[in-house]
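Printed here is entry_16.cif (mmCIF, C-alpha atoms and all ligand atoms):
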```
data_query
loop_
_atom_site.group_PDB
_atom_site.id
_atom_site.type_symbol
_atom_site.label_atom_id
_atom_site.label_comp_id
_atom_site.auth_asym_id
_atom_site.auth_seq_id
_atom_site.Cartn_x
_atom_site.Cartn_y
_atom_site.Cartn_z
ATOM 1 C CA MET A 17 26.675 15.289 -21.361
ATOM 2 C CA ARG A 18 23.385 17.003 -22.242
ATOM 3 C CA LYS A 19 20.414 14.656 -22.137
ATOM 4 C CA ILE A 20 17.858 14.572 -24.925
ATOM 5 C CA PRO A 21 14.469 15.614 -23.457
ATOM 6 C CA VAL A 22 11.737 13.332 -24.812
ATOM 7 C CA ILE A 23 8.007 12.701 -24.608
ATOM 8 C CA MET A 24 6.988 9.065 -25.116
ATOM 9 C CA ASP A 25 3.619 8.619 -26.895
ATOM 10 C CA CYS A 26 2.822 4.910 -26.785
ATOM 11 C CA ASP A 27 0.187 2.169 -27.042
ATOM 12 C CA PRO A 28 1.577 -0.563 -24.746
ATOM 13 C CA GLY A 29 1.900 -3.171 -26.198
ATOM 14 C CA HIS A 30 4.846 -5.468 -25.535
ATOM 15 C CA ASP A 31 7.396 -3.585 -27.603
ATOM 16 C CA ASP A 32 6.178 -0.218 -26.340
ATOM 17 C CA ALA A 33 6.822 -1.498 -22.820
ATOM 18 C CA ILE A 34 10.410 -2.388 -23.687
ATOM 19 C CA ALA A 35 10.881 0.989 -25.389
ATOM 20 C CA LEU A 36 9.704 2.724 -22.193
ATOM 21 C CA ILE A 37 12.039 0.597 -20.055
ATOM 22 C CA MET A 38 14.964 1.492 -22.326
ATOM 23 C CA ALA A 39 14.154 5.208 -22.392
ATOM 24 C CA PHE A 40 13.995 5.524 -18.613
ATOM 25 C CA ALA A 41 17.222 3.548 -18.162
ATOM 26 C CA SER A 42 19.310 5.540 -20.620
ATOM 27 C CA GLU A 43 21.617 8.271 -19.351
ATOM 28 C CA LYS A 44 21.201 9.986 -22.719
ATOM 29 C CA LEU A 45 17.452 10.561 -22.434
ATOM 30 C CA ASP A 46 15.318 12.650 -20.079
ATOM 31 C CA VAL A 47 11.721 11.406 -20.263
ATOM 32 C CA ARG A 48 9.582 14.426 -19.409
ATOM 33 C CA ALA A 49 6.137 12.825 -19.961
ATOM 34 C CA VAL A 50 4.327 9.738 -21.202
ATOM 35 C CA THR A 51 1.136 9.964 -23.245
ATOM 36 C CA THR A 52 -0.929 7.042 -24.457
ATOM 37 C CA SER A 53 -2.496 6.333 -27.817
ATOM 38 C CA ALA A 54 -5.132 3.859 -28.968
ATOM 39 C CA GLY A 55 -3.771 1.158 -31.233
ATOM 40 C CA ASN A 56 -2.565 -2.126 -29.856
ATOM 41 C CA GLN A 57 -5.525 -2.016 -27.548
ATOM 42 C CA THR A 58 -8.317 0.354 -26.524
ATOM 43 C CA PRO A 59 -7.373 3.737 -25.035
ATOM 44 C CA GLU A 60 -8.412 2.538 -21.580
ATOM 45 C CA LYS A 61 -6.199 -0.558 -21.782
ATOM 46 C CA THR A 62 -3.120 1.199 -23.179
ATOM 47 C CA LEU A 63 -3.387 3.880 -20.477
ATOM 48 C CA ASN A 64 -3.746 1.220 -17.782
ATOM 49 C CA ASN A 65 -0.799 -0.708 -19.211
ATOM 50 C CA ALA A 66 1.395 2.382 -19.319
ATOM 51 C CA LEU A 67 0.609 3.211 -15.676
ATOM 52 C CA LYS A 68 1.273 -0.407 -14.600
ATOM 53 C CA ILE A 69 4.619 -0.457 -16.412
ATOM 54 C CA LEU A 70 5.800 2.884 -14.989
ATOM 55 C CA ASP A 71 4.798 1.879 -11.458
ATOM 56 C CA TYR A 72 6.493 -1.505 -11.849
ATOM 57 C CA ILE A 73 9.804 -0.066 -13.044
ATOM 58 C CA GLY A 74 9.627 2.587 -10.329
ATOM 59 C CA VAL A 75 9.521 5.848 -12.271
ATOM 60 C CA ASP A 76 7.381 8.893 -11.557
ATOM 61 C CA VAL A 77 6.516 10.999 -14.597
ATOM 62 C CA PRO A 78 3.389 12.857 -15.760
ATOM 63 C CA VAL A 79 1.039 10.601 -17.738
ATOM 64 C CA ALA A 80 -1.969 11.669 -19.802
ATOM 65 C CA GLN A 81 -4.412 9.749 -21.967
ATOM 66 C CA GLY A 82 -4.681 10.606 -25.633
ATOM 67 C CA ALA A 83 -7.340 10.375 -28.293
ATOM 68 C CA LYS A 84 -10.003 7.688 -27.970
ATOM 69 C CA HIS A 85 -9.970 6.924 -31.700
ATOM 70 C CA PRO A 86 -8.267 7.914 -34.976
ATOM 71 C CA LEU A 87 -9.021 11.316 -36.487
ATOM 72 C CA LEU A 88 -11.554 10.045 -39.017
ATOM 73 C CA ARG A 89 -11.647 6.272 -38.845
ATOM 74 C CA GLU A 90 -12.932 3.591 -36.478
ATOM 75 C CA LEU A 91 -10.270 2.318 -34.085
ATOM 76 C CA GLU A 92 -8.687 -1.015 -35.034
ATOM 77 C CA VAL A 93 -6.924 -2.835 -32.180
ATOM 78 C CA ALA A 94 -4.567 -5.824 -32.251
ATOM 79 C CA PRO A 95 -5.558 -8.453 -29.638
ATOM 80 C CA GLU A 96 -4.181 -11.163 -31.903
ATOM 81 C CA VAL A 97 -0.707 -9.657 -31.411
ATOM 82 C CA HIS A 98 -0.689 -8.267 -27.873
ATOM 83 C CA GLY A 99 -3.586 -10.173 -26.291
ATOM 84 C CA GLU A 100 -6.849 -8.993 -24.783
ATOM 85 C CA SER A 101 -5.079 -6.881 -22.147
ATOM 86 C CA GLY A 102 -2.526 -5.529 -24.620
ATOM 87 C CA LEU A 103 0.239 -6.809 -22.360
ATOM 88 C CA GLU A 104 -0.499 -10.546 -22.282
ATOM 89 C CA GLY A 105 2.047 -12.813 -20.642
ATOM 90 C CA PRO A 106 3.683 -11.298 -17.549
ATOM 91 C CA GLU A 107 1.591 -10.702 -14.445
ATOM 92 C CA ILE A 108 2.433 -7.340 -12.869
ATOM 93 C CA PRO A 109 0.475 -5.506 -10.173
ATOM 94 C CA ASP A 110 -2.318 -3.098 -11.036
ATOM 95 C CA ALA A 111 -1.276 0.527 -11.271
ATOM 96 C CA THR A 112 -1.476 2.671 -8.169
ATOM 97 C CA SER A 113 -0.529 5.920 -9.912
ATOM 98 C CA LYS A 114 -3.137 8.000 -11.728
ATOM 99 C CA PRO A 115 -2.981 9.928 -15.004
ATOM 100 C CA LEU A 116 -3.374 13.687 -15.097
ATOM 101 C CA GLU A 117 -6.863 14.965 -15.828
ATOM 102 C CA MET A 118 -5.610 16.967 -18.804
ATOM 103 C CA PRO A 119 -5.613 15.328 -22.251
ATOM 104 C CA ALA A 120 -2.373 14.174 -23.840
ATOM 105 C CA ILE A 121 -2.076 17.115 -26.219
ATOM 106 C CA ASP A 122 -2.331 19.598 -23.333
ATOM 107 C CA LEU A 123 0.389 17.783 -21.385
ATOM 108 C CA MET A 124 2.581 17.625 -24.480
ATOM 109 C CA ARG A 125 2.031 21.340 -25.170
ATOM 110 C CA LYS A 126 2.841 22.252 -21.534
ATOM 111 C CA VAL A 127 6.043 20.203 -21.492
ATOM 112 C CA ILE A 128 7.166 21.474 -24.907
ATOM 113 C CA MET A 129 6.469 25.164 -24.307
ATOM 114 C CA GLU A 130 7.990 25.162 -20.796
ATOM 115 C CA SER A 131 11.173 23.376 -21.870
ATOM 116 C CA GLU A 132 14.394 25.325 -22.226
ATOM 117 C CA GLU A 133 15.636 22.747 -24.747
ATOM 118 C CA LYS A 134 13.777 21.563 -27.814
ATOM 119 C CA ILE A 135 11.799 18.379 -27.163
ATOM 120 C CA THR A 136 12.029 15.122 -29.126
ATOM 121 C CA LEU A 137 8.701 13.331 -29.573
ATOM 122 C CA VAL A 138 8.857 9.507 -29.585
ATOM 123 C CA PRO A 139 5.552 8.103 -30.847
ATOM 124 C CA THR A 140 5.473 4.282 -30.917
ATOM 125 C CA GLY A 141 1.814 3.824 -31.776
ATOM 126 C CA PRO A 142 -0.644 5.455 -34.199
ATOM 127 C CA LEU A 143 0.086 9.163 -34.738
ATOM 128 C CA THR A 144 -3.316 10.510 -33.688
ATOM 129 C CA ASN A 145 -2.043 12.411 -30.634
ATOM 130 C CA ILE A 146 0.871 13.968 -32.502
ATOM 131 C CA ALA A 147 -1.397 15.126 -35.333
ATOM 132 C CA MET A 148 -3.909 16.572 -32.881
ATOM 133 C CA LEU A 149 -1.103 18.376 -31.034
ATOM 134 C CA LEU A 150 0.131 19.997 -34.264
ATOM 135 C CA LEU A 151 -3.425 20.934 -35.324
ATOM 136 C CA ALA A 152 -4.531 22.329 -31.960
ATOM 137 C CA TYR A 153 -1.271 24.007 -30.950
ATOM 138 C CA PRO A 154 0.858 24.734 -34.067
ATOM 139 C CA GLU A 155 3.022 27.042 -31.962
ATOM 140 C CA VAL A 156 4.704 23.972 -30.421
ATOM 141 C CA LYS A 157 6.651 23.313 -33.626
ATOM 142 C CA VAL A 158 9.262 25.952 -32.708
ATOM 143 C CA ASN A 159 10.288 23.890 -29.682
ATOM 144 C CA ILE A 160 10.174 20.390 -31.195
ATOM 145 C CA GLU A 161 13.626 19.088 -32.153
ATOM 146 C CA GLN A 162 12.483 16.021 -34.091
ATOM 147 C CA ILE A 163 10.060 13.103 -34.096
ATOM 148 C CA SER A 164 11.612 9.649 -33.668
ATOM 149 C CA LEU A 165 8.765 7.302 -34.547
ATOM 150 C CA MET A 166 8.130 3.639 -35.090
ATOM 151 C CA GLY A 167 5.946 3.257 -38.146
ATOM 152 C CA GLY A 168 5.673 2.579 -41.832
ATOM 153 C CA ALA A 169 8.042 0.796 -44.159
ATOM 154 C CA ALA A 170 10.004 1.630 -47.284
ATOM 155 C CA TYR A 171 8.918 -1.755 -48.590
ATOM 156 C CA GLY A 172 5.849 -3.805 -47.634
ATOM 157 C CA GLY A 173 3.630 -3.885 -44.608
ATOM 158 C CA ASN A 174 2.606 -6.023 -41.660
ATOM 159 C CA TRP A 175 -1.120 -5.291 -41.471
ATOM 160 C CA THR A 176 -1.749 -5.218 -45.198
ATOM 161 C CA PRO A 177 0.747 -5.945 -47.964
ATOM 162 C CA ALA A 178 1.306 -2.169 -48.256
ATOM 163 C CA ALA A 179 0.847 -0.792 -44.735
ATOM 164 C CA GLU A 180 2.362 -1.061 -41.275
ATOM 165 C CA PHE A 181 -0.067 -1.083 -38.333
ATOM 166 C CA ASN A 182 0.723 2.272 -36.666
ATOM 167 C CA ILE A 183 0.337 4.212 -39.903
ATOM 168 C CA LEU A 184 -2.680 2.226 -41.088
ATOM 169 C CA VAL A 185 -4.681 2.768 -37.885
ATOM 170 C CA ASP A 186 -4.649 6.525 -38.558
ATOM 171 C CA PRO A 187 -3.258 7.411 -42.000
ATOM 172 C CA GLU A 188 -4.788 10.908 -41.926
ATOM 173 C CA ALA A 189 -2.907 11.621 -38.704
ATOM 174 C CA ALA A 190 0.279 10.219 -40.195
ATOM 175 C CA LYS A 191 -0.110 12.486 -43.242
ATOM 176 C CA ILE A 192 -0.409 15.550 -40.994
ATOM 177 C CA VAL A 193 2.728 14.535 -39.092
ATOM 178 C CA TYR A 194 4.820 13.644 -42.156
ATOM 179 C CA ASP A 195 3.693 16.850 -43.948
ATOM 180 C CA SER A 196 4.522 18.997 -40.908
ATOM 181 C CA GLY A 197 8.052 19.635 -42.132
ATOM 182 C CA LEU A 198 9.444 18.566 -38.754
ATOM 183 C CA PRO A 199 12.527 16.315 -38.939
ATOM 184 C CA ILE A 200 11.342 12.708 -38.678
ATOM 185 C CA ILE A 201 13.373 9.631 -37.854
ATOM 186 C CA MET A 202 11.349 6.733 -39.224
ATOM 187 C CA ALA A 203 11.967 3.309 -37.694
ATOM 188 C CA GLY A 204 9.901 1.293 -40.127
ATOM 189 C CA LEU A 205 9.651 -2.422 -40.768
ATOM 190 C CA ASP A 206 12.778 -2.313 -42.957
ATOM 191 C CA VAL A 207 14.893 -1.840 -39.835
ATOM 192 C CA THR A 208 12.668 -3.349 -37.172
ATOM 193 C CA HIS A 209 12.608 -6.742 -38.868
ATOM 194 C CA LYS A 210 16.406 -6.669 -38.736
ATOM 195 C CA ALA A 211 16.325 -5.528 -35.103
ATOM 196 C CA MET A 212 15.371 -8.989 -33.916
ATOM 197 C CA ILE A 213 16.028 -10.608 -30.577
ATOM 198 C CA MET A 214 16.434 -14.379 -30.722
ATOM 199 C CA LYS A 215 14.961 -16.863 -28.275
ATOM 200 C CA GLU A 216 18.369 -17.705 -26.766
ATOM 201 C CA GLU A 217 19.080 -14.004 -26.202
ATOM 202 C CA VAL A 218 15.902 -13.644 -24.175
ATOM 203 C CA GLU A 219 17.539 -15.979 -21.643
ATOM 204 C CA ILE A 220 20.393 -13.473 -21.204
ATOM 205 C CA ILE A 221 17.814 -10.931 -20.076
ATOM 206 C CA ARG A 222 16.010 -13.439 -17.844
ATOM 207 C CA ASP A 223 19.351 -14.354 -16.247
ATOM 208 C CA LEU A 224 19.819 -10.734 -15.153
ATOM 209 C CA ASP A 225 17.531 -12.009 -12.410
ATOM 210 C CA SER A 226 16.009 -8.629 -11.601
ATOM 211 C CA LYS A 227 12.257 -8.004 -11.467
ATOM 212 C CA VAL A 228 12.456 -5.780 -14.544
ATOM 213 C CA GLY A 229 14.677 -8.287 -16.335
ATOM 214 C CA ILE A 230 12.191 -11.071 -15.693
ATOM 215 C CA PHE A 231 9.333 -8.764 -16.764
ATOM 216 C CA VAL A 232 11.081 -8.001 -20.073
ATOM 217 C CA ALA A 233 11.874 -11.700 -20.619
ATOM 218 C CA GLU A 234 8.228 -12.610 -20.066
ATOM 219 C CA LEU A 235 7.080 -9.877 -22.452
ATOM 220 C CA LEU A 236 9.475 -11.330 -25.015
ATOM 221 C CA ASP A 237 8.336 -14.893 -24.332
ATOM 222 C CA PHE A 238 4.848 -13.881 -25.482
ATOM 223 C CA PHE A 239 6.090 -11.775 -28.421
ATOM 224 C CA VAL A 240 8.512 -14.468 -29.602
ATOM 225 C CA LYS A 241 5.753 -17.096 -29.424
ATOM 226 C CA PHE A 242 3.454 -14.943 -31.592
ATOM 227 C CA HIS A 243 6.158 -14.353 -34.206
ATOM 228 C CA ASP A 244 7.137 -18.026 -34.178
ATOM 229 C CA GLU A 245 3.554 -19.213 -34.704
ATOM 230 C CA VAL A 246 2.414 -16.550 -37.183
ATOM 231 C CA TRP A 247 5.584 -15.417 -38.972
ATOM 232 C CA LYS A 248 7.766 -18.559 -38.400
ATOM 233 C CA LEU A 249 10.587 -16.287 -37.195
ATOM 234 C CA PRO A 250 13.487 -17.461 -34.932
ATOM 235 C CA GLY A 251 12.852 -14.539 -32.599
ATOM 236 C CA CYS A 252 10.855 -11.332 -32.622
ATOM 237 C CA PRO A 253 11.332 -7.948 -34.265
ATOM 238 C CA LEU A 254 11.610 -5.216 -31.632
ATOM 239 C CA HIS A 255 9.758 -2.444 -33.412
ATOM 240 C CA ASP A 256 9.291 0.343 -30.861
ATOM 241 C CA PRO A 257 12.711 -0.063 -29.205
ATOM 242 C CA CYS A 258 14.266 1.056 -32.510
ATOM 243 C CA ALA A 259 12.728 4.531 -32.166
ATOM 244 C CA VAL A 260 14.403 4.861 -28.757
ATOM 245 C CA ALA A 261 17.658 3.055 -29.643
ATOM 246 C CA TYR A 262 18.345 5.457 -32.526
ATOM 247 C CA LEU A 263 18.345 8.410 -30.100
ATOM 248 C CA ILE A 264 20.722 6.575 -27.770
ATOM 249 C CA ALA A 265 23.069 4.952 -30.318
ATOM 250 C CA PRO A 266 22.500 6.354 -33.832
ATOM 251 C CA GLU A 267 25.827 4.913 -34.935
ATOM 252 C CA ILE A 268 24.481 1.344 -34.946
ATOM 253 C CA PHE A 269 21.892 2.217 -37.594
ATOM 254 C CA GLU A 270 22.056 2.795 -41.363
ATOM 255 C CA SER A 271 19.728 5.425 -42.776
ATOM 256 C CA LYS A 272 18.977 7.615 -45.774
ATOM 257 C CA GLN A 273 17.134 10.927 -46.043
ATOM 258 C CA TYR A 274 13.985 10.910 -48.186
ATOM 259 C CA ALA A 275 10.678 12.646 -48.801
ATOM 260 C CA VAL A 276 7.854 10.365 -47.652
ATOM 261 C CA ASP A 277 4.151 10.669 -48.444
ATOM 262 C CA ILE A 278 1.269 8.824 -46.767
ATOM 263 C CA GLU A 279 -1.399 7.141 -48.866
ATOM 264 C CA THR A 280 -4.849 7.816 -47.408
ATOM 265 C CA LYS A 281 -7.127 6.769 -50.289
ATOM 266 C CA GLY A 282 -5.823 3.609 -51.992
ATOM 267 C CA GLU A 283 -8.086 0.572 -52.108
ATOM 268 C CA PHE A 284 -5.042 -1.672 -51.548
ATOM 269 C CA THR A 285 -2.477 0.883 -50.395
ATOM 270 C CA THR A 286 -4.088 3.015 -47.692
ATOM 271 C CA GLY A 287 -1.568 3.509 -44.871
ATOM 272 C CA MET A 288 1.428 3.042 -47.142
ATOM 273 C CA THR A 289 4.481 5.226 -46.465
ATOM 274 C CA VAL A 290 5.473 6.148 -50.038
ATOM 275 C CA VAL A 291 9.242 6.730 -49.997
ATOM 276 C CA ASP A 292 10.530 8.996 -52.803
ATOM 277 C CA PHE A 293 13.701 6.997 -53.522
ATOM 278 C CA ASN A 294 14.421 8.787 -56.806
ATOM 279 C CA HIS A 295 13.678 12.327 -55.631
ATOM 280 C CA GLN A 296 10.763 12.626 -58.079
ATOM 281 C CA THR A 297 8.321 14.587 -55.951
ATOM 282 C CA GLY A 298 10.583 17.550 -55.372
ATOM 283 C CA LYS A 299 9.356 17.501 -51.774
ATOM 284 C CA GLU A 300 11.532 18.300 -48.755
ATOM 285 C CA GLU A 301 13.488 15.226 -47.704
ATOM 286 C CA ASN A 302 12.625 15.598 -44.009
ATOM 287 C CA VAL A 303 12.493 11.895 -43.169
ATOM 288 C CA LYS A 304 15.529 9.886 -42.038
ATOM 289 C CA VAL A 305 14.448 6.381 -43.049
ATOM 290 C CA LEU A 306 16.230 3.736 -40.973
ATOM 291 C CA LEU A 307 17.189 0.863 -43.273
ATOM 292 C CA GLY A 308 19.631 -1.268 -41.295
ATOM 293 C CA VAL A 309 21.014 -1.950 -37.846
ATOM 294 C CA ASP A 310 23.920 -3.810 -36.249
ATOM 295 C CA ARG A 311 21.689 -6.426 -34.639
ATOM 296 C CA GLN A 312 24.193 -7.599 -32.065
ATOM 297 C CA LYS A 313 24.912 -4.065 -30.873
ATOM 298 C CA PHE A 314 21.138 -3.431 -30.735
ATOM 299 C CA VAL A 315 20.577 -6.478 -28.541
ATOM 300 C CA ASP A 316 23.602 -5.633 -26.390
ATOM 301 C CA LEU A 317 22.161 -2.130 -25.878
ATOM 302 C CA ILE A 318 18.833 -3.548 -24.707
ATOM 303 C CA VAL A 319 20.545 -5.975 -22.308
ATOM 304 C CA ASN A 320 22.737 -3.172 -20.973
ATOM 305 C CA LEU A 321 19.771 -0.844 -20.382
ATOM 306 C CA VAL A 322 17.619 -3.519 -18.741
ATOM 307 C CA SER A 323 20.564 -4.446 -16.499
ATOM 308 C CA LYS A 324 20.467 -0.937 -15.001
ATOM 309 C CA TYR A 325 17.277 -1.874 -13.099
ATOM 310 C CA LYS A 326 18.230 -3.596 -9.841
HETATM 311 O O1 LIG A 401 3.768 -2.510 -36.542
HETATM 312 C C1 LIG A 401 4.396 -2.509 -35.277
HETATM 313 C C2 LIG A 401 3.802 -1.481 -34.401
HETATM 314 O O2 LIG A 401 2.442 -1.782 -34.152
HETATM 315 C C3 LIG A 401 4.468 -1.427 -33.011
HETATM 316 O O3 LIG A 401 4.420 -0.113 -32.534
HETATM 317 C C4 LIG A 401 3.587 -2.299 -32.174
HETATM 318 O O4 LIG A 401 3.592 -1.925 -30.791
HETATM 319 C C5 LIG A 401 2.243 -1.998 -32.758
HETATM 320 O O5 LIG A 401 1.789 -0.803 -32.173
HETATM 321 CA CA CA A 402 3.440 0.387 -30.360
#
```
For the structure just supplied, provide its representation as structure tokens.
Amino acid sequence: MRKIPVIMDCDPGHDDAIALIMAFASEKLDVRAVTTSAGNQTPEKTLNNALKILDYIGVDVPVAQGAKHPLLRELEVAPEVHGESGLEGPEIPDATSKPLEMPAIDLMRKVIMESEEKITLVPTGPLTNIAMLLLAYPEVKVNIEQISLMGGAAYGGNWTPAAEFNILVDPEAAKIVYDSGLPIIMAGLDVTHKAMIMKEEVEIIRDLDSKVGIFVAELLDFFVKFHDEVWKLPGCPLHDPCAVAYLIAPEIFESKQYAVDIETKGEFTTGMTVVDFNHQTGKEENVKVLLGVDRQKFVDLIVNLVSKYK
């Protein structure tokens, strides 16, 4: 079975960490590189978190740091969600591995242009690095299969009433990516808030009794606590894992193809992913908007992938 070659572009972040753990465990994916974005925390902290996670789960893959801030705007981080470190909760050892000297877009370009198969990009944070890659090296588009991203929402937002965090942090970058014409799989809040793991299901992962299983359970303990206290939810939405899970098991998701624009100017709507439900814009419908998921199969997939770490 041919593996899907991917590059993970992430801002760990609790759910980014779980998405990385899933991607490396899946027999369907071949993670060629990890790049880090600024979003959940500062670029230094998300890079450090990514290196710690990769060392802890025992994988060796090229890592490069991305942009220090959004294309045009000041960086907005989310300590209230992921803590001061960006990975609050579990205690794992400091990283011993080092990132490459080259910037993220150069690593992405190298991996993409040297690959025999087209690469799938999996951004789970703000889209700054992806936009910069497409601006600096437009030639890479010929060898990009698709972009499976976590971001946006057909309805509503989680950082403002109209915008989801990843898109809002860098809406100009998101507009460049969505307007690129590349096929996009959009795991927005519509699906991620259905892709919830409940408190009692976290215990299934903890009972795997492996170091990675306990790490994931402790990440979820923190994330569940935040969503209980702030959103009064019975568990936590697993946002970033949806962008990975779709590549592994697309059959558990419901989706529709739409044209999607990004609002970059609205006083109340900046960062909104404007989904053209009624085909009014005449634009290319290059975005597969994920709208539903079989929650039990999603959770079972996560448990199965985490169980592969001994
Ligand atoms: O809105 C959810 C997204 O913002 C997730 O990617 C989470 O990690 C944060 O980056
Ligand atoms: Ca993220």
Evaluate the PyMOL selection byres (((chain A and resi 162) around 10) and not hetatm) and record the selected residues as a PyMOL selection string, following the chain and residue labels used in the document. chain A and resi 22+134-138+157+159-161+163-165+197-201+302-303
Within 9 Å of ligand CA 402 (chain A) (only C-alpha atoms and all ligand atoms), residues as a short mmCIF file (atom, residue, chain, number, x, y, z; two decimals) with C-alpha atoms, keeping the file's coordinate frame:
```
data_model
loop_
_atom_site.label_atom_id
_atom_site.label_comp_id
_atom_site.auth_asym_id
_atom_site.auth_seq_id
_atom_site.Cartn_x
_atom_site.Cartn_y
_atom_site.Cartn_z
CA ASP A 25 3.62 8.62 -26.90
CA CYS A 26 2.82 4.91 -26.78
CA ASP A 27 0.19 2.17 -27.04
CA PRO A 28 1.58 -0.56 -24.75
CA GLY A 29 1.90 -3.17 -26.20
CA HIS A 30 4.85 -5.47 -25.54
CA ASP A 31 7.40 -3.58 -27.60
CA ASP A 32 6.18 -0.22 -26.34
CA ALA A 33 6.82 -1.50 -22.82
CA ALA A 35 10.88 0.99 -25.39
CA SER A 53 -2.50 6.33 -27.82
CA GLY A 55 -3.77 1.16 -31.23
CA ASN A 56 -2.56 -2.13 -29.86
CA PRO A 139 5.55 8.10 -30.85
CA THR A 140 5.47 4.28 -30.92
CA GLY A 141 1.81 3.82 -31.78
CA PRO A 142 -0.64 5.46 -34.20
CA MET A 166 8.13 3.64 -35.09
CA GLY A 167 5.95 3.26 -38.15
CA PHE A 181 -0.07 -1.08 -38.33
CA ASN A 182 0.72 2.27 -36.67
CA HIS A 255 9.76 -2.44 -33.41
CA ASP A 256 9.29 0.34 -30.86
#
```
For region 209-221 of chain A, find every residue with an atom within 9 Å (counting all atoms listed in the file), except residues of its own chain fewer than 2 positions away, and show them as a PDB file with C-alpha atoms, in the coordinates of the input.
```pdb
ATOM      1  CA  GLY A 204       9.901   1.293 -40.127  1.00  0.00           C
ATOM      2  CA  LEU A 205       9.651  -2.422 -40.768  1.00  0.00           C
ATOM      3  CA  ASP A 206      12.778  -2.313 -42.957  1.00  0.00           C
ATOM      4  CA  VAL A 207      14.893  -1.840 -39.835  1.00  0.00           C
ATOM      5  CA  ASP A 223      19.351 -14.354 -16.247  1.00  0.00           C
ATOM      6  CA  LEU A 224      19.819 -10.734 -15.153  1.00  0.00           C
ATOM      7  CA  ASP A 225      17.531 -12.009 -12.410  1.00  0.00           C
ATOM      8  CA  SER A 226      16.009  -8.629 -11.601  1.00  0.00           C
ATOM      9  CA  GLY A 229      14.677  -8.287 -16.335  1.00  0.00           C
ATOM     10  CA  ILE A 230      12.191 -11.071 -15.693  1.00  0.00           C
ATOM     11  CA  VAL A 232      11.081  -8.001 -20.073  1.00  0.00           C
ATOM     12  CA  ALA A 233      11.874 -11.700 -20.619  1.00  0.00           C
ATOM     13  CA  GLU A 234       8.228 -12.610 -20.066  1.00  0.00           C
ATOM     14  CA  LEU A 236       9.475 -11.330 -25.015  1.00  0.00           C
ATOM     15  CA  ASP A 237       8.336 -14.893 -24.332  1.00  0.00           C
ATOM     16  CA  VAL A 240       8.512 -14.468 -29.602  1.00  0.00           C
ATOM     17  CA  LEU A 249      10.587 -16.287 -37.195  1.00  0.00           C
ATOM     18  CA  PRO A 250      13.487 -17.461 -34.932  1.00  0.00           C
ATOM     19  CA  GLY A 251      12.852 -14.539 -32.599  1.00  0.00           C
ATOM     20  CA  CYS A 252      10.855 -11.332 -32.622  1.00  0.00           C
ATOM     21  CA  PRO A 253      11.332  -7.948 -34.265  1.00  0.00           C
ATOM     22  CA  LEU A 254      11.610  -5.216 -31.632  1.00  0.00           C
ATOM     23  CA  HIS A 255       9.758  -2.444 -33.412  1.00  0.00           C
ATOM     24  CA  PRO A 257      12.711  -0.063 -29.205  1.00  0.00           C
ATOM     25  CA  CYS A 258      14.266   1.056 -32.510  1.00  0.00           C
ATOM     26  CA  LEU A 307      17.189   0.863 -43.273  1.00  0.00           C
ATOM     27  CA  GLY A 308      19.631  -1.268 -41.295  1.00  0.00           C
ATOM     28  CA  VAL A 309      21.014  -1.950 -37.846  1.00  0.00           C
ATOM     29  CA  ASP A 310      23.920  -3.810 -36.249  1.00  0.00           C
ATOM     30  CA  ARG A 311      21.689  -6.426 -34.639  1.00  0.00           C
ATOM     31  CA  GLN A 312      24.193  -7.599 -32.065  1.00  0.00           C
ATOM     32  CA  PHE A 314      21.138  -3.431 -30.735  1.00  0.00           C
ATOM     33  CA  VAL A 315      20.577  -6.478 -28.541  1.00  0.00           C
ATOM     34  CA  ILE A 318      18.833  -3.548 -24.707  1.00  0.00           C
ATOM     35  CA  VAL A 319      20.545  -5.975 -22.308  1.00  0.00           C
ATOM     36  CA  VAL A 322      17.619  -3.519 -18.741  1.00  0.00           C
ATOM     37  CA  SER A 323      20.564  -4.446 -16.499  1.00  0.00           C
TER      38      SER A 323
END
```
Selection under test: the PyMOL selection byres (((chain A and resi 183) around 9) and not hetatm); residues as an NGL selection string: :A and (141-143 or 167-168 or 179-182 or 184-191 or 278 or 287-289)
Tell me which residues the PyMOL selection byres (((chain A and resi 91-102) around 8) and not hetatm) grabs here, as a list in words.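 Checking the PyMOL selection byres (((chain A and resi 91-102) around 8) and not hetatm) against this file, the residues are Pro28, Gly29, His30, Ala54, Gly55, Asn56, Gln57, Thr58, Lys61, Thr62, Asn65, His85, Pro86, Arg89, Glu90, Leu103, Glu104, Val185, Phe239 and Phe242 of chain A.
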Print the selection's residues with C-alpha atoms to a file, as a compact mmCIF listing (two decimals), in the coordinates of the input.
```txt
# COMPACT_ATOMS: atom_id res chain seq x y z
CA PRO A 28 1.58 -0.56 -24.75
CA GLY A 29 1.90 -3.17 -26.20
CA HIS A 30 4.85 -5.47 -25.54
CA ALA A 54 -5.13 3.86 -28.97
CA GLY A 55 -3.77 1.16 -31.23
CA ASN A 56 -2.56 -2.13 -29.86
CA GLN A 57 -5.52 -2.02 -27.55
CA THR A 58 -8.32 0.35 -26.52
CA LYS A 61 -6.20 -0.56 -21.78
CA THR A 62 -3.12 1.20 -23.18
CA ASN A 65 -0.80 -0.71 -19.21
CA HIS A 85 -9.97 6.92 -31.70
CA PRO A 86 -8.27 7.91 -34.98
CA ARG A 89 -11.65 6.27 -38.84
CA GLU A 90 -12.93 3.59 -36.48
CA LEU A 103 0.24 -6.81 -22.36
CA GLU A 104 -0.50 -10.55 -22.28
CA VAL A 185 -4.68 2.77 -37.88
CA PHE A 239 6.09 -11.78 -28.42
CA PHE A 242 3.45 -14.94 -31.59
```
Give the padded box for region 168-175 of chain A as JSON: axis-aligned, covering all atoms listed in the file, 5 Å on each side, centre and edge lengths in Å to one decimal.
```
{"center_x": 4.4, "center_y": -1.7, "center_z": -45.0, "size_x": 21.1, "size_y": 18.6, "size_z": 17.1}
```
